[in-house]
file upload.cif (mmCIF, C-alpha atoms and all ligand atoms)
data_entry
#
loop_
_atom_site.group_PDB
_atom_site.id
_atom_site.type_symbol
_atom_site.label_atom_id
_atom_site.label_comp_id
_atom_site.auth_asym_id
_atom_site.auth_seq_id
_atom_site.Cartn_x
_atom_site.Cartn_y
_atom_site.Cartn_z
ATOM 1 C CA MET A 1447 14.738 79.515 103.830
ATOM 2 C CA HIS A 1448 11.167 78.355 103.839
ATOM 3 C CA ARG A 1449 11.935 75.600 106.328
ATOM 4 C CA THR A 1450 13.636 78.041 108.718
ATOM 5 C CA ARG A 1451 10.587 80.292 108.770
ATOM 6 C CA VAL A 1452 8.319 77.391 109.571
ATOM 7 C CA LYS A 1453 10.535 76.435 112.509
ATOM 8 C CA VAL A 1454 10.439 79.950 113.914
ATOM 9 C CA ALA A 1455 6.661 79.967 113.737
ATOM 10 C CA GLU A 1456 6.447 76.593 115.451
ATOM 11 C CA GLY A 1457 8.822 77.776 118.155
ATOM 12 C CA ALA A 1458 6.664 80.805 118.863
ATOM 13 C CA LEU A 1459 3.559 78.653 119.080
ATOM 14 C CA ASP A 1460 5.329 76.211 121.425
ATOM 15 C CA ALA A 1461 6.237 79.110 123.711
ATOM 16 C CA ASN A 1462 2.637 80.296 123.547
ATOM 17 C CA ASP A 1463 1.343 76.855 124.510
ATOM 18 C CA THR A 1464 3.646 76.735 127.539
ATOM 19 C CA ILE A 1465 2.157 80.000 128.810
ATOM 20 C CA ALA A 1466 -1.344 78.825 127.888
ATOM 21 C CA ARG A 1467 -0.818 75.788 130.126
ATOM 22 C CA ALA A 1468 0.208 78.072 132.991
ATOM 23 C CA ASN A 1469 -2.971 80.112 132.466
ATOM 24 C CA ARG A 1470 -4.977 76.921 132.374
ATOM 25 C CA HIS A 1471 -3.463 75.798 135.641
ATOM 26 C CA ASP A 1472 -4.466 79.073 137.291
ATOM 27 C CA PHE A 1473 -8.002 78.885 135.870
ATOM 28 C CA ASP A 1474 -8.458 75.316 137.092
ATOM 29 C CA HIS A 1475 -7.013 76.160 140.484
ATOM 30 C CA ALA A 1476 -9.505 79.011 140.870
ATOM 31 C CA GLY A 1477 -12.388 76.900 139.529
ATOM 32 C CA VAL A 1478 -13.207 79.340 136.751
ATOM 33 C CA ARG A 1479 -14.535 78.248 133.358
ATOM 34 C CA VAL A 1480 -12.990 80.184 130.480
ATOM 35 C CA VAL A 1481 -14.559 80.856 127.076
ATOM 36 C CA ASN A 1482 -12.573 82.443 124.243
ATOM 37 C CA LEU A 1483 -14.985 84.410 122.046
ATOM 38 C CA MET A 1484 -13.779 84.966 118.493
ATOM 39 C CA SER A 1485 -15.174 86.570 115.348
ATOM 40 C CA ALA A 1486 -14.583 89.087 112.610
ATOM 41 C CA PRO A 1487 -15.083 92.727 113.654
ATOM 42 C CA GLY A 1488 -18.718 93.727 113.983
ATOM 43 C CA SER A 1489 -20.297 90.293 114.414
ATOM 44 C CA GLY A 1490 -21.799 91.249 117.751
ATOM 45 C CA LYS A 1491 -19.459 89.782 120.384
ATOM 46 C CA THR A 1492 -19.788 92.669 122.810
ATOM 47 C CA THR A 1493 -23.562 92.784 122.436
ATOM 48 C CA LEU A 1494 -23.730 89.047 123.152
ATOM 49 C CA LEU A 1495 -21.864 89.662 126.400
ATOM 50 C CA GLU A 1496 -23.695 92.837 127.294
ATOM 51 C CA ARG A 1497 -26.978 90.968 127.093
ATOM 52 C CA ALA A 1498 -25.862 87.690 128.645
ATOM 53 C CA LEU A 1499 -23.977 88.849 131.704
ATOM 54 C CA PRO A 1500 -27.010 90.200 133.620
ATOM 55 C CA GLU A 1501 -28.969 87.016 132.788
ATOM 56 C CA LEU A 1502 -26.471 84.505 134.111
ATOM 57 C CA ASP A 1503 -26.669 83.479 137.727
ATOM 58 C CA VAL A 1504 -22.914 83.025 137.808
ATOM 59 C CA ARG A 1505 -20.091 85.297 138.836
ATOM 60 C CA ALA A 1506 -18.740 86.363 135.456
ATOM 61 C CA GLY A 1507 -15.813 88.492 134.375
ATOM 62 C CA VAL A 1508 -14.569 89.660 130.993
ATOM 63 C CA LEU A 1509 -11.166 90.134 129.505
ATOM 64 C CA GLU A 1510 -11.695 92.523 126.610
ATOM 65 C CA GLY A 1511 -9.166 92.424 123.778
ATOM 66 C CA ASP A 1512 -8.897 95.318 121.354
ATOM 67 C CA VAL A 1513 -6.075 96.888 119.407
ATOM 68 C CA GLN A 1514 -6.861 100.195 121.069
ATOM 69 C CA GLY A 1515 -9.476 102.038 123.046
ATOM 70 C CA SER A 1516 -11.982 100.947 125.651
ATOM 71 C CA LEU A 1517 -15.335 101.371 123.873
ATOM 72 C CA ASP A 1518 -16.339 97.728 124.411
ATOM 73 C CA SER A 1519 -15.047 97.390 127.945
ATOM 74 C CA ASP A 1520 -16.836 100.613 128.918
ATOM 75 C CA ARG A 1521 -20.117 99.072 127.759
ATOM 76 C CA LEU A 1522 -19.500 95.965 129.840
ATOM 77 C CA ALA A 1523 -18.175 97.767 132.911
ATOM 78 C CA ALA A 1524 -21.521 99.584 133.067
ATOM 79 C CA LEU A 1525 -23.011 96.216 134.039
ATOM 80 C CA HIS A 1526 -20.855 96.174 137.185
ATOM 81 C CA VAL A 1527 -18.992 93.027 136.251
ATOM 82 C CA PRO A 1528 -15.212 92.814 136.503
ATOM 83 C CA VAL A 1529 -13.785 93.847 133.120
ATOM 84 C CA VAL A 1530 -10.147 94.136 132.187
ATOM 85 C CA GLN A 1531 -9.225 95.908 128.970
ATOM 86 C CA LEU A 1532 -6.276 94.426 127.101
ATOM 87 C CA ASN A 1533 -5.013 96.714 124.335
ATOM 88 C CA THR A 1534 -2.604 95.010 121.985
ATOM 89 C CA GLY A 1535 -1.494 98.449 120.794
ATOM 90 C CA ALA A 1536 -0.034 99.152 124.247
ATOM 91 C CA GLY A 1537 3.161 97.122 124.488
ATOM 92 C CA PHE A 1538 2.131 94.212 122.269
ATOM 93 C CA GLY A 1539 2.874 95.705 118.854
ATOM 94 C CA GLY A 1540 -0.773 96.262 117.912
ATOM 95 C CA GLU A 1541 -1.311 92.542 117.361
ATOM 96 C CA CYS A 1542 -4.593 91.518 115.758
ATOM 97 C CA HIS A 1543 -5.157 88.667 118.230
ATOM 98 C CA LEU A 1544 -4.665 87.804 121.876
ATOM 99 C CA ASP A 1545 -1.991 85.300 122.822
ATOM 100 C CA ALA A 1546 -1.398 83.450 126.062
ATOM 101 C CA ASN A 1547 1.183 85.945 127.283
ATOM 102 C CA MET A 1548 -1.141 88.916 126.819
ATOM 103 C CA VAL A 1549 -3.866 87.107 128.726
ATOM 104 C CA ARG A 1550 -1.398 86.182 131.444
ATOM 105 C CA SER A 1551 -0.348 89.815 131.783
ATOM 106 C CA ALA A 1552 -3.961 90.733 132.556
ATOM 107 C CA LEU A 1553 -4.725 87.975 135.063
ATOM 108 C CA GLY A 1554 -3.239 89.974 137.925
ATOM 109 C CA GLU A 1555 -6.066 92.473 137.445
ATOM 110 C CA LEU A 1556 -8.770 89.856 137.990
ATOM 111 C CA GLU A 1557 -9.749 88.092 141.206
ATOM 112 C CA LEU A 1558 -10.023 84.664 139.592
ATOM 113 C CA GLU A 1559 -11.131 83.087 142.864
ATOM 114 C CA GLU A 1560 -14.171 85.375 142.805
ATOM 115 C CA LEU A 1561 -15.262 84.228 139.333
ATOM 116 C CA ASP A 1562 -17.183 81.221 137.999
ATOM 117 C CA LEU A 1563 -16.922 82.207 134.355
ATOM 118 C CA LEU A 1564 -14.389 84.304 132.460
ATOM 119 C CA VAL A 1565 -15.107 85.300 128.885
ATOM 120 C CA ILE A 1566 -12.174 86.457 126.807
ATOM 121 C CA GLU A 1567 -13.423 88.654 123.982
ATOM 122 C CA ASN A 1568 -10.675 88.263 121.413
ATOM 123 C CA VAL A 1569 -9.639 90.943 118.931
ATOM 124 C CA GLY A 1570 -12.012 90.947 115.946
ATOM 125 C CA ASN A 1571 -10.189 88.798 113.380
ATOM 126 C CA LEU A 1572 -10.795 85.353 111.931
ATOM 127 C CA VAL A 1573 -7.214 84.409 111.138
ATOM 128 C CA CYS A 1574 -4.652 84.520 113.929
ATOM 129 C CA PRO A 1575 -6.795 84.289 117.094
ATOM 130 C CA ALA A 1576 -7.380 80.662 116.138
ATOM 131 C CA GLU A 1577 -3.628 79.986 116.195
ATOM 132 C CA PHE A 1578 -3.123 81.023 119.798
ATOM 133 C CA ARG A 1579 -4.458 78.989 122.672
ATOM 134 C CA VAL A 1580 -4.749 81.141 125.763
ATOM 135 C CA GLY A 1581 -5.665 78.433 128.303
ATOM 136 C CA GLU A 1582 -9.396 78.482 127.601
ATOM 137 C CA ASP A 1583 -11.854 75.608 128.136
ATOM 138 C CA ALA A 1584 -13.841 76.321 124.995
ATOM 139 C CA ARG A 1585 -13.838 78.578 121.980
ATOM 140 C CA ALA A 1586 -16.993 80.133 120.624
ATOM 141 C CA MET A 1587 -17.053 81.533 117.093
ATOM 142 C CA VAL A 1588 -19.478 84.286 116.203
ATOM 143 C CA CYS A 1589 -20.647 84.820 112.614
ATOM 144 C CA SER A 1590 -23.332 87.264 111.642
ATOM 145 C CA ILE A 1591 -25.623 86.845 108.685
ATOM 146 C CA THR A 1592 -24.380 90.140 107.269
ATOM 147 C CA GLU A 1593 -21.085 88.377 106.547
ATOM 148 C CA GLY A 1594 -20.485 85.836 103.789
ATOM 149 C CA GLU A 1595 -22.025 82.410 104.249
ATOM 150 C CA ASP A 1596 -18.826 80.783 102.966
ATOM 151 C CA LYS A 1597 -16.791 81.941 105.986
ATOM 152 C CA PRO A 1598 -16.320 78.371 107.285
ATOM 153 C CA LEU A 1599 -14.542 77.432 104.056
ATOM 154 C CA LYS A 1600 -12.442 80.589 103.974
ATOM 155 C CA TYR A 1601 -11.308 80.380 107.604
ATOM 156 C CA PRO A 1602 -11.487 76.660 108.381
ATOM 157 C CA HIS A 1603 -8.930 76.774 111.159
ATOM 158 C CA ALA A 1604 -11.071 79.106 113.256
ATOM 159 C CA PHE A 1605 -14.106 76.859 112.829
ATOM 160 C CA ARG A 1606 -12.147 73.681 113.457
ATOM 161 C CA ALA A 1607 -10.774 75.044 116.729
ATOM 162 C CA ALA A 1608 -14.188 76.093 118.034
ATOM 163 C CA ARG A 1609 -16.712 74.170 120.099
ATOM 164 C CA LEU A 1610 -19.608 76.510 119.336
ATOM 165 C CA MET A 1611 -20.641 78.618 116.390
ATOM 166 C CA LEU A 1612 -23.176 81.362 116.998
ATOM 167 C CA LEU A 1613 -24.966 82.660 113.945
ATOM 168 C CA THR A 1614 -26.066 86.151 114.964
ATOM 169 C CA LYS A 1615 -28.483 88.841 113.692
ATOM 170 C CA THR A 1616 -30.865 86.168 112.383
ATOM 171 C CA ASP A 1617 -33.759 88.650 112.641
ATOM 172 C CA LEU A 1618 -32.314 90.177 109.443
ATOM 173 C CA LEU A 1619 -32.614 86.929 107.455
ATOM 174 C CA PRO A 1620 -35.733 88.046 105.550
ATOM 175 C CA HIS A 1621 -33.833 91.100 104.322
ATOM 176 C CA VAL A 1622 -30.469 89.735 103.194
ATOM 177 C CA PRO A 1623 -29.451 87.080 100.662
ATOM 178 C CA PHE A 1624 -27.889 84.770 103.221
ATOM 179 C CA ASP A 1625 -28.460 81.012 103.128
ATOM 180 C CA ALA A 1626 -28.272 80.090 106.816
ATOM 181 C CA ALA A 1627 -28.699 76.370 106.174
ATOM 182 C CA ARG A 1628 -25.777 76.409 103.757
ATOM 183 C CA CYS A 1629 -23.558 78.339 106.178
ATOM 184 C CA LEU A 1630 -24.318 75.899 109.000
ATOM 185 C CA ALA A 1631 -23.733 72.918 106.702
ATOM 186 C CA LEU A 1632 -20.362 74.331 105.628
ATOM 187 C CA ALA A 1633 -19.412 74.865 109.259
ATOM 188 C CA ARG A 1634 -20.302 71.260 110.067
ATOM 189 C CA ARG A 1635 -18.334 70.046 107.060
ATOM 190 C CA VAL A 1636 -15.246 71.766 108.471
ATOM 191 C CA ASN A 1637 -15.942 70.673 112.046
ATOM 192 C CA PRO A 1638 -18.484 67.831 112.454
ATOM 193 C CA ASP A 1639 -18.537 68.279 116.252
ATOM 194 C CA LEU A 1640 -19.343 71.996 116.136
ATOM 195 C CA GLU A 1641 -22.362 73.030 118.199
ATOM 196 C CA LEU A 1642 -24.541 75.459 116.233
ATOM 197 C CA LEU A 1643 -26.844 78.142 117.604
ATOM 198 C CA GLN A 1644 -28.876 80.738 115.708
ATOM 199 C CA VAL A 1645 -29.491 83.835 117.780
ATOM 200 C CA SER A 1646 -30.790 87.370 117.540
ATOM 201 C CA ALA A 1647 -30.364 90.236 119.954
ATOM 202 C CA ALA A 1648 -33.334 92.019 118.353
ATOM 203 C CA SER A 1649 -35.969 89.284 118.784
ATOM 204 C CA PRO A 1650 -37.714 88.552 122.091
ATOM 205 C CA GLY A 1651 -35.977 85.568 123.660
ATOM 206 C CA GLY A 1652 -33.619 85.474 120.702
ATOM 207 C CA LEU A 1653 -30.523 85.079 122.855
ATOM 208 C CA GLN A 1654 -31.851 82.381 125.210
ATOM 209 C CA PRO A 1655 -29.852 79.588 123.510
ATOM 210 C CA TRP A 1656 -26.665 81.553 124.113
ATOM 211 C CA TYR A 1657 -27.456 82.092 127.795
ATOM 212 C CA ALA A 1658 -28.201 78.375 128.138
ATOM 213 C CA TRP A 1659 -24.901 77.455 126.519
ATOM 214 C CA LEU A 1660 -22.964 79.691 128.904
ATOM 215 C CA ARG A 1661 -24.831 78.237 131.892
ATOM 216 C CA ALA A 1662 -23.978 74.758 130.617
ATOM 217 C CA GLN A 1663 -20.319 75.736 130.484
ATOM 218 C CA ARG A 1664 -20.438 76.635 134.145
ATOM 219 C CA ALA A 1665 -22.331 73.435 134.983
ATOM 220 C CA ALA A 1666 -19.709 71.375 133.143
ATOM 221 C CA SER A 1667 -17.032 73.057 135.183
ATOM 222 C CA LEU A 1668 -18.815 72.175 138.447
ATOM 223 C CA ALA A 1669 -19.194 68.588 137.234
ATOM 224 C CA GLY A 1670 -15.463 68.462 136.592
ATOM 225 C CA ALA A 1671 -15.927 68.021 132.856
HETATM 226 MG MG MG A 1701 -16.328 93.976 120.756
HETATM 227 ZN ZN ZN A 1702 -3.026 88.537 114.761
#

call {"tool": "encode", "arguments": {"input": "upload.cif", "output": "structure tokens"}}
result
Amino acid sequence: MHRTRVKVAEGALDANDTIARANRHDFDHAGVRVVNLMSAPGSGKTTLLERALPELDVRAGVLEGDVQGSLDSDRLAALHVPVVQLNTGAGFGGECHLDANMVRSALGELELEELDLLVIENVGNLVCPAEFRVGEDARAMVCSITEGEDKPLKYPHAFRAARLMLLTKTDLLPHVPFDAARCLALARRVNPDLELLQVSAASPGGLQPWYAWLRAQRAASLAGA
């Protein structure tokens, strides 16, 4: 019984990877760099995008994943960037993650040829988004200091699959019992290659490292990396 269930799960992930490769082909063909942004709910993903998009001298678009509603995509659409809202509650069983097929279903709404950078804001969840490749170039994990500093040990798969970890809301460090050094060390223990950035949307210049990372993503794409 147990073995059968494992096979079903592997089959579903194989099917997902096939669609992810098709997405990847379309992204490469259009020359668009794709970042999959993942975190628990409330870590600040939408704020990171809201602040970054006007600062980047690249043509950026967003694919906004939520179970329902359009609160986040409304915030981003106000910046006059192309935003597509993907609700997993509408036809996808209210899934708590995006998979390659959901992303594929939304690509028709985006002019990929007109974009340099596409950010996929995944559904807030640290478990299953990490299981589903969607054809992205890189995954960025967001953790805020109002969460537990042992997150990397509790959700190692998410940290292992990421290229970047953003520690957000660092302006609150003097006010909360959060050991940032320990959190970053745990993240590196799980994934020694993880890039680490500490950022704050409330401090002047506090998001510059994030903007620079996104610009570097675009530059890597132009360099064919
Ligand atoms: Mg959001
Ligand atoms: Zn899920």

call {"tool": "residues_near_ligand", "arguments": {"input": "upload.cif", "ligand": "ligand MG 1701 (chain A)", "cutoff": "6 Å", "atoms": "all atoms listed in the file", "output": "PyMOL selection string"}}
result
chain A and resi 1491-1492+1518

call {"tool": "residues_around", "arguments": {"input": "upload.cif", "residues": "Arg1470 (chain A)", "least_positions_apart": "6", "cutoff": "9 Å", "atoms": "all atoms listed in the file", "output": "ChimeraX atom specification"}}
result
/A:1480,1580-1583

call {"tool": "residues_around", "arguments": {"input": "upload.cif", "residues": "Gln1531 (chain A)", "least_positions_apart": "3", "cutoff": "12 Å", "atoms": "only C-alpha atoms", "output": "PyMOL selection string"}}
result
chain A and resi 1507-1523+1528+1534-1536+1544+1548-1549+1551-1553+1555-1556+1566-1569

call {"tool": "write_last_selection", "arguments": {"input": "upload.cif", "atoms": "C-alpha atoms", "output": "compact mmCIF listing (two decimals), in the coordinates of the input"}}
result
# COMPACT_ATOMS: atom_id res chain seq x y z
CA GLY A 1507 -15.81 88.49 134.38
CA VAL A 1508 -14.57 89.66 130.99
CA LEU A 1509 -11.17 90.13 129.50
CA GLU A 1510 -11.70 92.52 126.61
CA GLY A 1511 -9.17 92.42 123.78
CA ASP A 1512 -8.90 95.32 121.35
CA VAL A 1513 -6.08 96.89 119.41
CA GLN A 1514 -6.86 100.20 121.07
CA GLY A 1515 -9.48 102.04 123.05
CA SER A 1516 -11.98 100.95 125.65
CA LEU A 1517 -15.34 101.37 123.87
CA ASP A 1518 -16.34 97.73 124.41
CA SER A 1519 -15.05 97.39 127.94
CA ASP A 1520 -16.84 100.61 128.92
CA ARG A 1521 -20.12 99.07 127.76
CA LEU A 1522 -19.50 95.96 129.84
CA ALA A 1523 -18.18 97.77 132.91
CA PRO A 1528 -15.21 92.81 136.50
CA THR A 1534 -2.60 95.01 121.98
CA GLY A 1535 -1.49 98.45 120.79
CA ALA A 1536 -0.03 99.15 124.25
CA LEU A 1544 -4.66 87.80 121.88
CA MET A 1548 -1.14 88.92 126.82
CA VAL A 1549 -3.87 87.11 128.73
CA SER A 1551 -0.35 89.82 131.78
CA ALA A 1552 -3.96 90.73 132.56
CA LEU A 1553 -4.72 87.98 135.06
CA GLU A 1555 -6.07 92.47 137.44
CA LEU A 1556 -8.77 89.86 137.99
CA ILE A 1566 -12.17 86.46 126.81
CA GLU A 1567 -13.42 88.65 123.98
CA ASN A 1568 -10.68 88.26 121.41
CA VAL A 1569 -9.64 90.94 118.93

call {"tool": "residues_near_ligand", "arguments": {"input": "upload.cif", "ligand": "ligand ZN 1702 (chain A)", "cutoff": "8 Å", "atoms": "only C-alpha atoms and all ligand atoms", "output": "PyMOL selection string"}}
result
chain A and resi 1541-1544+1571+1573-1575

call {"tool": "residues_around", "arguments": {"input": "upload.cif", "residues": "Leu1630 (chain A)", "least_positions_apart": "4", "cutoff": "9 Å", "atoms": "all atoms listed in the file", "output": "list in words"}}
result
Glu1595, Pro1598, Met1611, Leu1613, Asp1625, Ala1626, Arg1634, Arg1635 and Leu1642 of chain A

call {"tool": "atom_distance", "arguments": {"input": "upload.cif", "atom1": "CA of Ala1584 (chain A)", "atom2": "CA of Leu1564 (chain A)"}}
result
10.9 Å

call {"tool": "closest_residue", "arguments": {"input": "upload.cif", "among": "A:Ala1468, A:Ile1591, A:Leu1495, A:Ala1658", "to": "Asn1482 (chain A)", "atoms": "only C-alpha atoms"}}
result
A:Leu1495

call {"tool": "residues_around", "arguments": {"input": "upload.cif", "residues": "Lys1597 (chain A)", "least_positions_apart": "5", "cutoff": "12 Å", "atoms": "only C-alpha atoms", "output": "list in words"}}
result
Ser1485, Ala1486, Leu1572, Val1573, Met1587, Val1588, Cys1589, Ser1590, Ile1591, Thr1592, Pro1602, His1603, Ala1604, Phe1605, Met1611, Leu1613, Phe1624, Ala1626, Arg1628, Cys1629, Leu1630, Ala1631, Leu1632, Ala1633, Arg1634 and Val1636 of chain A

call {"tool": "write_last_selection", "arguments": {"input": "upload.cif", "atoms": "C-alpha atoms", "output": "mmCIF file, in the frame of the given file"}}
result
data_model
loop_
_atom_site.group_PDB
_atom_site.id
_atom_site.type_symbol
_atom_site.label_atom_id
_atom_site.label_comp_id
_atom_site.auth_asym_id
_atom_site.auth_seq_id
_atom_site.Cartn_x
_atom_site.Cartn_y
_atom_site.Cartn_z
ATOM 1 C CA SER A 1485 -15.174 86.570 115.348
ATOM 2 C CA ALA A 1486 -14.583 89.087 112.610
ATOM 3 C CA LEU A 1572 -10.795 85.353 111.931
ATOM 4 C CA VAL A 1573 -7.214 84.409 111.138
ATOM 5 C CA MET A 1587 -17.053 81.533 117.093
ATOM 6 C CA VAL A 1588 -19.478 84.286 116.203
ATOM 7 C CA CYS A 1589 -20.647 84.820 112.614
ATOM 8 C CA SER A 1590 -23.332 87.264 111.642
ATOM 9 C CA ILE A 1591 -25.623 86.845 108.685
ATOM 10 C CA THR A 1592 -24.380 90.140 107.269
ATOM 11 C CA PRO A 1602 -11.487 76.660 108.381
ATOM 12 C CA HIS A 1603 -8.930 76.774 111.159
ATOM 13 C CA ALA A 1604 -11.071 79.106 113.256
ATOM 14 C CA PHE A 1605 -14.106 76.859 112.829
ATOM 15 C CA MET A 1611 -20.641 78.618 116.390
ATOM 16 C CA LEU A 1613 -24.966 82.660 113.945
ATOM 17 C CA PHE A 1624 -27.889 84.770 103.221
ATOM 18 C CA ALA A 1626 -28.272 80.090 106.816
ATOM 19 C CA ARG A 1628 -25.777 76.409 103.757
ATOM 20 C CA CYS A 1629 -23.558 78.339 106.178
ATOM 21 C CA LEU A 1630 -24.318 75.899 109.000
ATOM 22 C CA ALA A 1631 -23.733 72.918 106.702
ATOM 23 C CA LEU A 1632 -20.362 74.331 105.628
ATOM 24 C CA ALA A 1633 -19.412 74.865 109.259
ATOM 25 C CA ARG A 1634 -20.302 71.260 110.067
ATOM 26 C CA VAL A 1636 -15.246 71.766 108.471
#

call {"tool": "resolve_selection", "arguments": {"input": "upload.cif", "expression": "the PyMOL selection byres (((chain A and resi 1477) around 12) and not hetatm)", "output": "list in words"}}
result
Arg1470, His1471, Asp1472, Phe1473, Asp1474, His1475, Ala1476, Val1478, Arg1479, Val1480, Arg1505, Glu1557, Leu1558, Glu1559, Glu1560, Leu1561, Asp1562, Leu1563, Leu1564, Asp1583, Arg1664, Ala1665, Ala1666, Ser1667, Leu1668, Ala1669, Gly1670 and Ala1671 of chain A

call {"tool": "build_atoms", "arguments": {"input": "upload.cif", "residues": "region 1625-1645 of chain A", "atoms": "N, CA and C atoms", "output": "PDB file, keeping the file's coordinate frame"}}
result
ATOM      1  N   ASP A1625     -27.904  82.360 103.003  1.00  0.00           N
ATOM      2  CA  ASP A1625     -28.460  81.012 103.128  1.00  0.00           C
ATOM      3  C   ASP A1625     -27.933  80.405 104.424  1.00  0.00           C
ATOM      4  N   ALA A1626     -28.735  80.536 105.492  1.00  0.00           N
ATOM      5  CA  ALA A1626     -28.272  80.090 106.816  1.00  0.00           C
ATOM      6  C   ALA A1626     -27.999  78.593 106.825  1.00  0.00           C
ATOM      7  N   ALA A1627     -28.879  77.831 106.182  1.00  0.00           N
ATOM      8  CA  ALA A1627     -28.699  76.370 106.174  1.00  0.00           C
ATOM      9  C   ALA A1627     -27.371  76.002 105.514  1.00  0.00           C
ATOM     10  N   ARG A1628     -27.036  76.707 104.445  1.00  0.00           N
ATOM     11  CA  ARG A1628     -25.777  76.409 103.757  1.00  0.00           C
ATOM     12  C   ARG A1628     -24.582  76.763 104.647  1.00  0.00           C
ATOM     13  N   CYS A1629     -24.656  77.917 105.303  1.00  0.00           N
ATOM     14  CA  CYS A1629     -23.558  78.339 106.178  1.00  0.00           C
ATOM     15  C   CYS A1629     -23.339  77.314 107.285  1.00  0.00           C
ATOM     16  N   LEU A1630     -24.437  76.863 107.901  1.00  0.00           N
ATOM     17  CA  LEU A1630     -24.318  75.899 109.000  1.00  0.00           C
ATOM     18  C   LEU A1630     -23.780  74.570 108.475  1.00  0.00           C
ATOM     19  N   ALA A1631     -24.217  74.180 107.277  1.00  0.00           N
ATOM     20  CA  ALA A1631     -23.733  72.918 106.702  1.00  0.00           C
ATOM     21  C   ALA A1631     -22.237  73.003 106.394  1.00  0.00           C
ATOM     22  N   LEU A1632     -21.793  74.156 105.905  1.00  0.00           N
ATOM     23  CA  LEU A1632     -20.362  74.331 105.628  1.00  0.00           C
ATOM     24  C   LEU A1632     -19.557  74.276 106.928  1.00  0.00           C
ATOM     25  N   ALA A1633     -20.109  74.877 107.966  1.00  0.00           N
ATOM     26  CA  ALA A1633     -19.412  74.865 109.259  1.00  0.00           C
ATOM     27  C   ALA A1633     -19.267  73.429 109.772  1.00  0.00           C
ATOM     28  N   ARG A1634     -20.341  72.651 109.631  1.00  0.00           N
ATOM     29  CA  ARG A1634     -20.302  71.260 110.067  1.00  0.00           C
ATOM     30  C   ARG A1634     -19.373  70.409 109.200  1.00  0.00           C
ATOM     31  N   ARG A1635     -19.242  70.798 107.927  1.00  0.00           N
ATOM     32  CA  ARG A1635     -18.334  70.046 107.060  1.00  0.00           C
ATOM     33  C   ARG A1635     -16.897  70.232 107.548  1.00  0.00           C
ATOM     34  N   VAL A1636     -16.589  71.464 107.978  1.00  0.00           N
ATOM     35  CA  VAL A1636     -15.246  71.766 108.471  1.00  0.00           C
ATOM     36  C   VAL A1636     -15.019  71.157 109.859  1.00  0.00           C
ATOM     37  N   ASN A1637     -16.055  71.179 110.681  1.00  0.00           N
ATOM     38  CA  ASN A1637     -15.942  70.673 112.046  1.00  0.00           C
ATOM     39  C   ASN A1637     -17.222  69.929 112.420  1.00  0.00           C
ATOM     40  N   PRO A1638     -17.255  68.600 112.223  1.00  0.00           N
ATOM     41  CA  PRO A1638     -18.484  67.831 112.454  1.00  0.00           C
ATOM     42  C   PRO A1638     -18.986  67.897 113.896  1.00  0.00           C
ATOM     43  N   ASP A1639     -18.124  68.244 114.844  1.00  0.00           N
ATOM     44  CA  ASP A1639     -18.537  68.279 116.252  1.00  0.00           C
ATOM     45  C   ASP A1639     -19.022  69.655 116.693  1.00  0.00           C
ATOM     46  N   LEU A1640     -19.000  70.620 115.775  1.00  0.00           N
ATOM     47  CA  LEU A1640     -19.343  71.996 116.136  1.00  0.00           C
ATOM     48  C   LEU A1640     -20.799  72.098 116.597  1.00  0.00           C
ATOM     49  N   GLU A1641     -21.006  72.722 117.760  1.00  0.00           N
ATOM     50  CA  GLU A1641     -22.362  73.030 118.199  1.00  0.00           C
ATOM     51  C   GLU A1641     -22.800  74.303 117.479  1.00  0.00           C
ATOM     52  N   LEU A1642     -24.056  74.328 117.028  1.00  0.00           N
ATOM     53  CA  LEU A1642     -24.541  75.459 116.233  1.00  0.00           C
ATOM     54  C   LEU A1642     -25.742  76.104 116.912  1.00  0.00           C
ATOM     55  N   LEU A1643     -25.705  77.416 117.046  1.00  0.00           N
ATOM     56  CA  LEU A1643     -26.844  78.142 117.604  1.00  0.00           C
ATOM     57  C   LEU A1643     -27.160  79.336 116.711  1.00  0.00           C
ATOM     58  N   GLN A1644     -28.449  79.546 116.455  1.00  0.00           N
ATOM     59  CA  GLN A1644     -28.876  80.738 115.708  1.00  0.00           C
ATOM     60  C   GLN A1644     -29.530  81.695 116.699  1.00  0.00           C
ATOM     61  N   VAL A1645     -29.015  82.908 116.762  1.00  0.00           N
ATOM     62  CA  VAL A1645     -29.491  83.835 117.780  1.00  0.00           C
ATOM     63  C   VAL A1645     -29.742  85.216 117.192  1.00  0.00           C
TER      64      VAL A1645
END
